[in-house]
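To keep things clear, I will list the structure first and then write my remarks on it.
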Amino acid sequence: MSLPDDPAVLLEVASSALDGAAERFIAGVGAPSAVAKGAGDFATELDLELERRLSGELFDRTGIEVHGEEFGGPELATGTTWVLDPIDGTYNYSAGLPLSGMLLALVDDGVPVLGLTWLPFLGERYAATMDGPLLRDGEPLPRLTPGKVETSMIGFGAFNVDSRGRIPGKLRFDLLGELSRVCARLRMHGSTGVDLAYTAAGVLGGAVVFGHHPWDNAAGVALVRAAGGVVTDLVGREWNISSGSVLAAAPGVHEELVEIIARVDDQGGFGA
């Protein structure tokens, strides 16, 4: 399917779908694990319910298929596809911590052209087309201005220091320590959606995201780009749908973060 001449039409449809699901999202807080997905990772029944509901509505209203976290979907490098995470920050959500949300992006040939991050417990709704502006609750926010790490809060992805995955926990720990020496404050929210939306809005100066899943990253990438921020992977390569990580930040802050990461990573571990 080709994109409409006015992407704002699809943004309005997507916003309406997320608005319609927000009440159910709030009502289900505290839902326990229903599907184990690996060490410390799970889905609740609400993840499954919301993905079915939103996927069905989006396809019925737009004719565009959906790739969701729980049920998968079309491959994302070609064609036009919705990318959905029905509950980002599932551990937070299940525990009753309000730092969780619904993430939705429209990806065209692998490029996020729309991004939406709904944070129902916080009463905040972030949305943008790729050309901007970034909207918070329907109102445009100013574009990001250049900044410095020393005066910025930086969002940092959660980790286990003993993990031996794509980006080992010890390497993440070393970066955490180095950043703690130079940035104003570090924040670990447990939600990629929160970190990227707040980077786009200028609340955070930047965000370090170790995960590679497109349903976690695509919406926030669209928001940060729309706001005038810089988005790459952790070693400074331009972000794409198959990237293994995300480094998103305001201009200036991003360049400093790339340099800091390079100092820590003398073996190329962050390039996974």
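Lettering and numbering for the structure tokens are positional, with chains as A, B, ... in the shown order, residues counted from 1 in each chain, and ligands counted from 1 in the shown order.
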Item to complete: Based on DSSP run over this structure's backbone, return all residues of region 138-219 of chain A in helix (DSSP H, G or I), as a ChimeraX atom specification.
Response: /A:149-151,169-182,192-200,214-219
Worksheet entry | region 43-60 of chain A surroundings by only C-alpha atoms, 10 Å radius, close-in-sequence under 2 positions cut, as an MDAnalysis selection string | chainID A and resid 10 13:14 16:18 20:22 24:25 27:37 41 62:71 81:88 90:91 93:94 102 104
Just to be explicit: take each residue in the selection above, keep C-alpha atoms, and write the result as a compact mmCIF listing (two decimals), in the first residue's frame.
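Now in out-v3.txt:
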# COMPACT_ATOMS: atom_id res chain seq x y z
CA LEU A 10 -3.03 8.09 9.31
CA VAL A 13 -6.50 7.24 12.82
CA ALA A 14 -3.66 5.82 14.93
CA SER A 16 -7.93 7.50 17.77
CA ALA A 17 -7.14 3.79 18.09
CA LEU A 18 -4.75 4.35 21.00
CA GLY A 20 -9.85 4.03 22.48
CA ALA A 21 -7.57 1.49 24.17
CA ALA A 22 -6.26 3.77 26.92
CA ARG A 24 -8.56 -0.65 29.12
CA PHE A 25 -4.80 -0.15 29.48
CA ALA A 27 -7.87 -0.74 34.08
CA GLY A 28 -5.54 -3.71 33.56
CA VAL A 29 -2.59 -2.41 35.56
CA GLY A 30 -1.08 -5.04 37.81
CA ALA A 31 -1.86 -7.88 35.40
CA PRO A 32 0.38 -10.88 36.19
CA SER A 33 2.64 -12.79 33.82
CA ALA A 34 0.70 -15.00 31.41
CA VAL A 35 3.35 -15.93 28.82
CA ALA A 36 7.02 -16.47 29.74
CA LYS A 37 9.35 -15.06 27.06
CA ASP A 41 10.66 -11.22 30.39
CA THR A 62 -6.35 1.61 7.08
CA GLY A 63 -5.86 -1.69 5.24
CA ILE A 64 -2.26 -1.77 6.51
CA GLU A 65 -1.02 -4.90 8.25
CA VAL A 66 0.41 -4.82 11.75
CA HIS A 67 3.63 -6.32 13.12
CA GLY A 68 3.19 -6.66 16.87
CA GLU A 69 5.48 -7.72 19.68
CA GLU A 70 3.34 -10.68 20.71
CA PHE A 71 2.04 -12.08 17.41
CA THR A 81 3.50 -1.81 8.10
CA TRP A 82 2.27 -0.71 11.50
CA VAL A 83 4.66 -1.70 14.31
CA LEU A 84 2.97 -2.12 17.69
CA ASP A 85 4.04 -2.67 21.28
CA PRO A 86 0.77 -2.88 23.23
CA ILE A 87 2.49 -2.54 26.62
CA ASP A 88 6.00 -1.16 26.74
CA THR A 90 5.63 -4.67 30.95
CA TYR A 91 7.50 -5.34 34.19
CA TYR A 93 3.03 -2.28 34.30
CA SER A 94 2.63 -5.62 36.05
CA MET A 102 1.57 1.91 24.20
CA LEU A 104 2.90 2.52 17.62
Practice prompt. Write out as a ChimeraX atom specification the residues lying within 12 Å of Arg172 (chain A), counting only C-alpha atoms and excluding same-chain residues fewer than 4 positions away.
Written response: /A:156-168,176-179,208-211,234,261,264-265,269-270
Worksheet item: Counting only C-alpha atoms, what is within 9 Å of Thr151 (chain A), bar same-chain residues fewer than 4 positions away, as a ChimeraX atom specification?
Response: /A:147,182-185,205
Worksheet item: Contacts of region 216-230 of chain A at 6 Å or less, counting only C-alpha atoms, minus same-chain residues fewer than 5 places along, as a PyMOL selection string?
Response: chain A and resi 104-105+112+115-116+128+130-134+143-144+196-197+200+248-251
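In this structure, CA of Glu256 (chain A) sits 25.0 Å away from CA of His213 (chain A).
Once Pro120 (chain A) and its same-chain neighbours fewer than 5 positions away are set aside, A:Asp19, A:Ala22, A:Glu23, A:Phe25, A:Ile26, A:Pro98, A:Ser100, A:Gly101, A:Met102, A:Arg125 remain within 9 Å of it when counting only C-alpha atoms.
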Worksheet entry | Residue contacts of Lys148 (chain A) (7 Å, only C-alpha atoms) excluding same-chain residues fewer than 2 positions away, as number ranges by chain | A: 150-152, 252-253
Atoms kept (N, CA and C atoms) for selection, written as a JSON list (two decimals), in the first residue's frame:
[["chain", "number", "residue", "atom", "x", "y", "z"],
["A", 150, "GLU", "N", 27.08, 17.37, 30.24],
["A", 150, "GLU", "CA", 27.29, 17.75, 31.63],
["A", 150, "GLU", "C", 26.06, 18.42, 32.24],
["A", 151, "THR", "N", 25.17, 18.93, 31.42],
["A", 151, "THR", "CA", 23.95, 19.57, 31.95],
["A", 151, "THR", "C", 22.70, 18.77, 31.61],
["A", 152, "SER", "N", 22.87, 17.52, 31.17],
["A", 152, "SER", "CA", 21.73, 16.72, 30.70],
["A", 152, "SER", "C", 21.46, 15.53, 31.61],
["A", 252, "GLY", "N", 24.62, 17.93, 19.70],
["A", 252, "GLY", "CA", 25.66, 18.25, 20.68],
["A", 252, "GLY", "C", 25.79, 17.16, 21.72],
["A", 253, "VAL", "N", 24.71, 16.86, 22.40],
["A", 253, "VAL", "CA", 24.73, 15.78, 23.39],
["A", 253, "VAL", "C", 25.05, 14.46, 22.69]]
Response to the item:
One residue among A:Leu97, A:Val113, A:Ala201, A:Ala272 is nearest to Val235 (chain A) when using only C-alpha atoms, and that residue is A:Ala272
Worksheet item: Using only C-alpha atoms, which of A:Leu175, A:Ala207, A:Ile241, A:Leu114 sits nearest Gly193 (chain A)?
Response: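 Checking each candidate against Gly193 (chain A), we get A:Ala207 as the closest.
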Worksheet item: So how far away is CA of Leu11 (chain A) from CA of Thr192 (chain A), in Å?
Response: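 Between CA of Thr192 (chain A) and CA of Leu11 (chain A) the gap works out to 20.9 Å.
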